[in-house]
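Here's the structure, in structure tokens; my notes come after.
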Amino acid sequence: MAHQINQAAVIGSGVMGSGIAAHLANIGIPVLLLDIVPNKLTAEEEAKGLTLEDRKVRNRLTDQALKNMKKQKPAPLASKESLSRISTGNLEDDLDQLKQADWIIEVVVENLEIKKALYEKIEGVRSEHAIVSSNTSGISIEAMAEGRSEGFRKHFLGTHFFNPPRYLKLLEVIPTKDTAPEVLDFMVRFGEDRLGKGVVIAKDTPNFIGNRIGTYGLLVTLREMMERGYSVGEVDSVTGTLIGRPKSATFRTLDVVGLDTFVHVAKNVFDQTEGEEKEVFRTPDFLVKMVENGWLGAKAKQGFYLKEGKEISEIDPATLEYSPQKKLKAPSIEIAKQQKGDDRLKTLVYAKDRAGELLWNILAPALLYSAEKAGEIADDIASIDNAMKWGFGWKQGPFELWDAIGVEKSVKRMKEEGREIPEFVQKLLDSGNASFYQDEEGTLSYFDGEGYSPVQVNAKEIDLKKWKARNGVIKKNSGASLIDLGDGIALLEFTSQANSLGPDVIKMLLDSLEEVENNEQYKGLVIANQGKNFSVGANLGMILMEAQDDNIFELDFMIKSFQDAMMKVRYSKKPVVVAPHGMTLGGGAEITLPAAHIQATMETYIGLVETGVGLIPGGGGNISLYRKHLEGMPNGVKADYVDIAAKVFETIAMAKVSTSGEEARENNFLGKADGVSANRDHQIHDAKQAVLALYEAGYTPPSKRTVPVAGEPGYAAMIVGAEGMHLSGYISDHDLKIAKKLAHVLSGGKVPYGTEVDEQYMLDLERKAFLQLVAEPKSQQRMQHMLVKGKPLRN
């Protein structure tokens with residue numbers, strides 16, 4: 001039978017188990033969270049006169065996990081709604097409920113015997129189609145399945161999530177020799193399409209892929225630091241963003257992971273390997289001592305780093321004493337900072353200075369180890385590279401990095417240094433090739449030991465960079481490109497700095513709408529990009545420059561054309577779908593709101609944040625959000641315009657930003673019919689499908705209608721709150737001035753309650769208020785401060 005997962009159960013409610021349950025709830029799957037029954041009462045329970053038989057006591061662990069979810073940072077839940085999909089219980093009273101689950105995930109303590117005893121219980125109640133998986137980070141999946149029935153073993157595999165499950169992309173799926181192929185295929189697809197993960201199939205070896213390579217690299221770095229007298233801070237200053245790794249580099253990452261966790265993961269490989277490899281995984285003595293001292297990193301507020309006030313000190317592994325944080329200084333670092341990509345890496349890795357020596361001595365062994373383990377831990381090198389990118393935030397996996405620094409040049413040096421070259425690498429060079437990957441006309445292939453095989457990609461993944469390389473663009477200017485996505489769909493991509501919206505982007509938007517509307521071959525338009533953020537808003541530097549030069553006429557023209565473009569998005573004869581992701585702020589939100597359909601991602605952070613720079617939305621954002629609230633009203637319910645205006649006022653005045661795609665729906669930035677893609681890599685595909693569906697359904701644009709406003713009573717209601725905050729010192733005089741302008745726009749000016757006004761009237765009010773504020777010295781100070789410091793000024 002075809003598998004589907006309509007209900008899930010998670011057993012084990014610690015940080016990881018509750019995080020997985022939260023993630024399943026975020027994507028709409030009801031989850032049962034179970035844990036053991038406590039064997040003694042807490043002081044609080046005793047005081048209440050409870051006994052070990054009380055349901056409250058018996059479910060204490062899972063109920064507590066639910067409470068913790070609400071407070072955890074970063075938040076495991078995408079919205080309050082998610083919490084209602086999680087029910088709690090315990091393994092004695094509620095074991096029977098596992099009958100209903102299509103997927104049972106075990107996340108209990110890392111102890112083989114405990115896990116096996118649990119599987120015996122699960123086998124007694126699971127339905128015959130239920131998939132059972134373990135989130136172990138290193139115990140053998142084969143060993144866990146021993147002694148279970150054939151039906152159980154067919155449906156059993158490892159599913160190793162990375163922490164925190166909502167945010168980290170990697171999911172390692174580990175089949176056993178008995179896992180049914182259709183179960184494996186289903187879990188890979190389900191992982192990508194529903195869970196939104198980057199899935200790699202790992203072999204059943206110690207620590208699988210990510211933690212095997214990652215731990216090796218960290219331990220080599222530790223040894224190098226100790227043997228050659230680098231300090232903790234020096235190592236971190238070159239092993240982070242400089243080489244395409246996360247900002248937390250090496251030791252800050254270990255502090256975040258927890259030193260106890262890291263030691264446990266390292267011991268796992270140490271116990272299961274021999275010889276030279278075993279020695280690398282031996283935990284250094286000073287690290288053992290730190291764990292004994294309870295200096296476990298971030299959770300203990302002390303680890304490799306200690307933060308006191310604003311001062312950050314680093315530990316000296318030799319003395320275990322702390323001193324001020326240091327940075328490595330070397331000529332190659334200064335040169336590399338001026339370079340990008342592969343050139344930067346080559347400069348650093350081959351430099352004959354302290355930075356170059358450190359990087360060569362930690363990267364060379366890690367590359368050799370990855371190649372030596374390639375066939376043992378995964379079926380192909382692309383899986384290893386993806387695991388490191390998705391699980392550890394590396395910009396390039398080990399084999400991509402090797403290509404970047406030059407395989408021939410590096411191997412020559414490795415041989416000179418007497419390092420052993422794995423057979424796999426030698427085969428590559430002997431075959432006359434010099435790189436692990438080849439890109440031919442946008443199709444990427446990897447070296448498989450004999451020749452090159454195409455990298456397998458989910459059909460829903462559209463990579464715009466590769467797409468453009470293959471198909472070119474229809475037209476472009478300095479801020480945006482129009483691309484033919486095939487099937488009659490065009491796509492507008494922002495390419496400006498931080499995807500900010502200036503006149504070039506607006507011009508391209510207008511050109512794109514015209515092209516799509518007037519050209520028979522197009523069915524509609526997608527507005528999307530694959531930058532870090534969708535758009536952080538209008539080009540603030542340009543607005544400030546015009547304002548300081550008193551070019552109010554210029555600004556008026558600019559704001560008017562921005563408003564006109566937003567209205568053209570709304571009234572386009574063909575459907576326009578906007579696909580926002582990451583930060584979608586100010587102008588980024590204004591371009592999104594009027595779309596026929598919004599296809600957001602789970603991590604879309606949308607908000608109209610203009611008050612933070614002393615302004616109000618100027619591109620139609622006020623009327624667009626007000627209209628979204630009106631449209632969100634249930635049928636037949638009489639709208640209270642004062643109440644609606646007040647809600648919109650609060651959202652904009654407080655510069656509220658949604659913390660997820662689902663929360664954006666709760667704040668009415670998204671409507672009920674708008675979509676949220678769990679997998680960011682599938683968002684453009686999903687947006688394209690949305691345009692096609694609208695077109696096929698005979699799309700007609702909304703008709704131009706007047707808008708009922710709250711008028712003078714609405715203005716009065718909005719201002720009461722603002723004046724109260726001003727009196728109690730919460731907001732400044734200038735904040736109050738901004739609030740009054742905003743209230744004037746949202747209430748529709750000095751008109752009676754319920755007056756029907758046309759859109760252009762609202763847009764004119766908005767533009768006038770924007771231009772008055774932009775001329776204010778205090779607003780200009782706020783804009784200047786945001787541009788220089790990157791955070792709001794309260795003046």
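Labels used: A, B, ... for chains in the order of the structure tokens, numbers from 1 for residues in each chain, and numbers from 1 for ligands as shown.
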Just the residues within 10 Å of Asp463 in chain A, please, counting only C-alpha atoms, with nothing from its chain fewer than 4 positions along; format it as a PDB file with N, CA, C and O atoms, in the first residue's frame.
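Writing the result to result-v2.pdb gives the following:
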ATOM      1  N   GLY A 442      24.782  23.383 -16.992  1.00  0.00           N
ATOM      2  CA  GLY A 442      23.869  23.457 -15.846  1.00  0.00           C
ATOM      3  C   GLY A 442      23.532  22.122 -15.208  1.00  0.00           C
ATOM      4  O   GLY A 442      22.770  22.058 -14.253  1.00  0.00           O
ATOM      5  N   TRP A 467      19.521  27.898 -13.628  1.00  0.00           N
ATOM      6  CA  TRP A 467      18.478  28.089 -14.638  1.00  0.00           C
ATOM      7  C   TRP A 467      18.889  29.179 -15.622  1.00  0.00           C
ATOM      8  O   TRP A 467      18.767  29.040 -16.836  1.00  0.00           O
ATOM      9  N   LYS A 468      19.418  30.292 -15.062  1.00  0.00           N
ATOM     10  CA  LYS A 468      19.842  31.416 -15.919  1.00  0.00           C
ATOM     11  C   LYS A 468      21.044  31.027 -16.777  1.00  0.00           C
ATOM     12  O   LYS A 468      21.138  31.420 -17.937  1.00  0.00           O
ATOM     13  N   ASN A 529      13.160  35.334  -5.370  1.00  0.00           N
ATOM     14  CA  ASN A 529      14.618  35.308  -5.551  1.00  0.00           C
ATOM     15  C   ASN A 529      15.188  34.299  -4.572  1.00  0.00           C
ATOM     16  O   ASN A 529      14.464  33.764  -3.725  1.00  0.00           O
ATOM     17  N   GLN A 530      16.476  34.006  -4.706  1.00  0.00           N
ATOM     18  CA  GLN A 530      17.100  33.039  -3.790  1.00  0.00           C
ATOM     19  C   GLN A 530      18.241  33.679  -3.016  1.00  0.00           C
ATOM     20  O   GLN A 530      19.234  33.040  -2.688  1.00  0.00           O
ATOM     21  N   ASP A 681      13.720  25.194  -0.804  1.00  0.00           N
ATOM     22  CA  ASP A 681      14.196  24.861  -2.156  1.00  0.00           C
ATOM     23  C   ASP A 681      13.049  24.562  -3.125  1.00  0.00           C
ATOM     24  O   ASP A 681      13.249  24.510  -4.326  1.00  0.00           O
ATOM     25  N   HIS A 682      11.855  24.297  -2.587  1.00  0.00           N
ATOM     26  CA  HIS A 682      10.699  23.984  -3.438  1.00  0.00           C
ATOM     27  C   HIS A 682       9.782  25.188  -3.617  1.00  0.00           C
ATOM     28  O   HIS A 682       8.762  25.094  -4.299  1.00  0.00           O
ATOM     29  N   ILE A 684       9.909  28.109  -5.231  1.00  0.00           N
ATOM     30  CA  ILE A 684       9.654  28.670  -6.568  1.00  0.00           C
ATOM     31  C   ILE A 684       8.788  27.707  -7.393  1.00  0.00           C
ATOM     32  O   ILE A 684       7.878  28.128  -8.099  1.00  0.00           O
TER      33      ILE A 684
END
Can you tell me, as a PyMOL selection string, what residues are no more than 8 Å from Lys327 in chain A when counting only C-alpha atoms, ignoring any on the same chain fewer than 6 positions away? chain A and resi 233-237
Just to be explicit: take each residue in the selection above, keep N, CA and C atoms, and write the result as a compact mmCIF listing (two decimals), in the first residue's frame.
# COMPACT_ATOMS: atom_id res chain seq x y z
N GLY A 233 40.64 31.81 20.54
CA GLY A 233 40.14 32.94 19.76
C GLY A 233 40.82 33.05 18.41
N GLU A 234 42.13 32.77 18.38
CA GLU A 234 42.86 32.83 17.11
C GLU A 234 42.29 31.82 16.11
N VAL A 235 42.05 30.60 16.59
CA VAL A 235 41.51 29.56 15.71
C VAL A 235 40.13 30.00 15.19
N ASP A 236 39.27 30.50 16.10
CA ASP A 236 37.93 30.90 15.67
C ASP A 236 37.95 32.06 14.68
N SER A 237 38.97 32.93 14.78
CA SER A 237 38.98 34.09 13.89
C SER A 237 39.26 33.71 12.43
List the spatial neighbours of range 153-164 of chain A as a PyMOL selection string - criterion: any atom at most 6 Å away, only C-alpha atoms, same-chain residues fewer than 4 positions off excluded. chain A and resi 131-135+168+171-175+178-180
Dump all heavy atoms for the selected residues as a short mmCIF file (atom, residue, chain, number, x, y, z; two decimals), in the first residue's frame?
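Writing done, so here's result-v8.cif:
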data_model
loop_
_atom_site.label_atom_id
_atom_site.label_comp_id
_atom_site.auth_asym_id
_atom_site.auth_seq_id
_atom_site.Cartn_x
_atom_site.Cartn_y
_atom_site.Cartn_z
N ILE A 131 5.48 3.10 10.12
CA ILE A 131 6.94 3.19 10.01
C ILE A 131 7.48 3.53 11.39
O ILE A 131 6.93 4.38 12.10
CB ILE A 131 7.32 4.28 8.99
CG1 ILE A 131 6.87 3.84 7.59
CG2 ILE A 131 8.82 4.57 9.01
CD1 ILE A 131 6.99 4.92 6.52
N VAL A 132 8.54 2.83 11.80
CA VAL A 132 9.17 3.11 13.09
C VAL A 132 10.60 3.56 12.80
O VAL A 132 11.29 2.95 11.99
CB VAL A 132 9.20 1.84 13.99
CG1 VAL A 132 9.81 2.16 15.36
CG2 VAL A 132 7.79 1.28 14.16
N SER A 133 11.03 4.64 13.45
CA SER A 133 12.41 5.08 13.21
C SER A 133 13.06 5.56 14.50
O SER A 133 12.38 5.90 15.46
CB SER A 133 12.44 6.19 12.15
OG SER A 133 11.93 7.39 12.69
N SER A 134 14.40 5.56 14.48
CA SER A 134 15.15 6.02 15.65
C SER A 134 15.90 7.29 15.28
O SER A 134 16.45 7.40 14.19
CB SER A 134 16.17 4.96 16.07
OG SER A 134 17.02 5.52 17.08
N ASN A 135 15.92 8.26 16.22
CA ASN A 135 16.68 9.48 15.99
C ASN A 135 18.06 9.38 16.64
O ASN A 135 18.64 10.39 17.02
CB ASN A 135 15.92 10.69 16.56
CG ASN A 135 16.68 11.99 16.32
OD1 ASN A 135 16.85 12.40 15.19
ND2 ASN A 135 17.20 12.60 17.37
N LEU A 168 17.40 23.49 11.34
CA LEU A 168 18.52 22.86 10.64
C LEU A 168 18.00 21.94 9.54
O LEU A 168 17.10 21.15 9.75
CB LEU A 168 19.44 22.11 11.60
CG LEU A 168 20.51 23.00 12.26
CD1 LEU A 168 21.52 22.14 12.97
CD2 LEU A 168 21.24 23.91 11.28
N LEU A 171 18.53 16.02 7.31
CA LEU A 171 17.92 14.81 7.87
C LEU A 171 18.68 13.63 7.27
O LEU A 171 18.67 13.43 6.06
CB LEU A 171 16.43 14.72 7.51
CG LEU A 171 15.72 13.43 7.93
CD1 LEU A 171 15.66 13.29 9.45
CD2 LEU A 171 14.31 13.36 7.35
N GLU A 172 19.37 12.87 8.13
CA GLU A 172 20.07 11.66 7.66
C GLU A 172 19.10 10.49 7.79
O GLU A 172 18.55 10.25 8.86
CB GLU A 172 21.32 11.40 8.52
CG GLU A 172 22.40 12.44 8.31
CD GLU A 172 23.63 12.21 9.20
OE1 GLU A 172 23.48 11.80 10.36
OE2 GLU A 172 24.74 12.46 8.71
N VAL A 173 18.88 9.78 6.69
CA VAL A 173 18.01 8.60 6.71
C VAL A 173 18.90 7.37 6.56
O VAL A 173 19.71 7.29 5.64
CB VAL A 173 16.96 8.68 5.57
CG1 VAL A 173 16.18 7.39 5.48
CG2 VAL A 173 16.01 9.85 5.82
N ILE A 174 18.78 6.44 7.53
CA ILE A 174 19.70 5.30 7.55
C ILE A 174 18.90 4.00 7.48
O ILE A 174 18.29 3.57 8.46
CB ILE A 174 20.56 5.29 8.85
CG1 ILE A 174 21.21 6.67 9.08
CG2 ILE A 174 21.65 4.23 8.77
CD1 ILE A 174 20.49 7.55 10.06
N PRO A 175 18.86 3.35 6.29
CA PRO A 175 18.14 2.08 6.19
C PRO A 175 18.97 0.92 6.76
O PRO A 175 20.19 1.03 6.86
CB PRO A 175 17.98 1.91 4.67
CG PRO A 175 19.13 2.66 4.07
CD PRO A 175 19.48 3.77 5.03
N ASP A 178 17.25 -4.80 5.94
CA ASP A 178 15.88 -5.31 5.82
C ASP A 178 14.85 -4.23 5.50
O ASP A 178 13.68 -4.55 5.27
CB ASP A 178 15.46 -6.00 7.13
CG ASP A 178 16.34 -7.20 7.44
OD1 ASP A 178 16.72 -7.90 6.48
OD2 ASP A 178 16.65 -7.42 8.63
N THR A 179 15.24 -2.97 5.56
CA THR A 179 14.26 -1.89 5.30
C THR A 179 13.71 -2.05 3.88
O THR A 179 14.47 -2.15 2.92
CB THR A 179 14.91 -0.50 5.43
OG1 THR A 179 15.57 -0.40 6.69
CG2 THR A 179 13.88 0.62 5.31
N ALA A 180 12.38 -2.06 3.75
CA ALA A 180 11.77 -2.20 2.42
C ALA A 180 12.12 -0.99 1.56
O ALA A 180 12.03 0.15 2.04
CB ALA A 180 10.25 -2.33 2.57
#
Shell of 10 Å around Val407 in chain A, only C-alpha atoms, local chain residues under 6 positions omitted, as JSON, numbers by chain: {"A": [399, 401, 425, 428, 429, 433, 434, 435, 436]}
Name the residues in contact with Ala22 in chain A at a cut-off of 10 Å, using only C-alpha atoms, excluding same-chain residues fewer than 5 positions from it; report them as a ChimeraX atom specification. /A:16-17,27-31,33,66,69,75-79,82-83,85-86,165-166
Those same residues, written as a CSV table (one decimal), in the first residue's frame with C-alpha atoms?
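What follows is the written file again-v6.csv:
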chain,number,residue,atom,x,y,z
A,16,MET,CA,15.4,16.7,20.7
A,17,GLY,CA,12.1,14.7,21.0
A,27,ILE,CA,3.7,21.3,9.2
A,28,GLY,CA,0.2,20.3,10.3
A,29,ILE,CA,0.6,16.7,11.5
A,30,PRO,CA,-1.0,15.8,14.8
A,31,VAL,CA,1.6,14.3,17.2
A,33,LEU,CA,4.3,12.8,22.7
A,66,LEU,CA,5.1,21.4,26.2
A,69,MET,CA,8.4,24.8,24.1
A,75,ALA,CA,11.3,29.0,19.1
A,76,PRO,CA,10.6,25.4,18.1
A,77,LEU,CA,6.9,26.2,17.4
A,78,ALA,CA,6.1,28.2,14.3
A,79,SER,CA,2.8,29.5,15.8
A,82,SER,CA,1.1,24.3,16.3
A,83,LEU,CA,0.9,23.6,20.1
A,85,ARG,CA,-1.6,19.6,17.5
A,86,ILE,CA,0.5,18.0,20.2
A,165,PRO,CA,14.9,20.4,14.1
A,166,ARG,CA,12.8,23.4,12.9
Among listed residues A:Glu723, A:Asp511, A:Glu357, A:Glu610, nearest Leu540 in chain A (using only C-alpha atoms): A:Glu610
Within 7 Å of Ala687 in chain A using only C-alpha atoms, minus same-chain residues under 6 positions, as a list of chain:residue names: A:Val526, A:Val577, A:Ala579, A:Gln599
Writing out the chosen residues with all heavy atoms as a PDB file, in the first residue's frame:
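Final output, again.pdb:
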ATOM      1  N   VAL A 526       5.734  35.161 -11.441  1.00  0.00           N
ATOM      2  CA  VAL A 526       6.184  34.882 -10.071  1.00  0.00           C
ATOM      3  C   VAL A 526       7.217  35.953  -9.716  1.00  0.00           C
ATOM      4  O   VAL A 526       8.072  36.284 -10.533  1.00  0.00           O
ATOM      5  CB  VAL A 526       6.860  33.482  -9.971  1.00  0.00           C
ATOM      6  CG1 VAL A 526       7.524  33.283  -8.610  1.00  0.00           C
ATOM      7  CG2 VAL A 526       5.847  32.374 -10.219  1.00  0.00           C
ATOM      8  N   VAL A 577       2.061  35.927  -8.452  1.00  0.00           N
ATOM      9  CA  VAL A 577       2.301  35.234  -7.178  1.00  0.00           C
ATOM     10  C   VAL A 577       3.650  35.698  -6.633  1.00  0.00           C
ATOM     11  O   VAL A 577       4.648  35.685  -7.350  1.00  0.00           O
ATOM     12  CB  VAL A 577       2.294  33.696  -7.378  1.00  0.00           C
ATOM     13  CG1 VAL A 577       2.759  32.974  -6.110  1.00  0.00           C
ATOM     14  CG2 VAL A 577       0.893  33.224  -7.757  1.00  0.00           C
ATOM     15  N   ALA A 579       6.674  35.239  -3.782  1.00  0.00           N
ATOM     16  CA  ALA A 579       7.221  34.164  -2.936  1.00  0.00           C
ATOM     17  C   ALA A 579       8.257  34.737  -1.957  1.00  0.00           C
ATOM     18  O   ALA A 579       9.457  34.707  -2.210  1.00  0.00           O
ATOM     19  CB  ALA A 579       7.858  33.098  -3.824  1.00  0.00           C
ATOM     20  N   GLN A 599       3.075  32.843  -1.742  1.00  0.00           N
ATOM     21  CA  GLN A 599       3.639  31.527  -1.422  1.00  0.00           C
ATOM     22  C   GLN A 599       4.851  31.771  -0.534  1.00  0.00           C
ATOM     23  O   GLN A 599       5.956  31.991  -1.012  1.00  0.00           O
ATOM     24  CB  GLN A 599       4.036  30.773  -2.704  1.00  0.00           C
ATOM     25  CG  GLN A 599       4.480  29.341  -2.466  1.00  0.00           C
ATOM     26  CD  GLN A 599       3.354  28.440  -1.956  1.00  0.00           C
ATOM     27  OE1 GLN A 599       2.206  28.561  -2.386  1.00  0.00           O
ATOM     28  NE2 GLN A 599       3.663  27.551  -1.023  1.00  0.00           N
TER      29      GLN A 599
END
Which residue out of A:Ser732, A:Ser137, A:Thr221, A:Asn679 has the minimum interatomic distance to Thr261 in chain A when only C-alpha atoms are used? A:Ser137
Going by DSSP on the backbone, which residues of range 353-573 of chain A come out as strand (DSSP E)? List them as a ChimeraX atom specification. /A:437-440,443-447,452-454,475-476,480-486,489-494,524-527
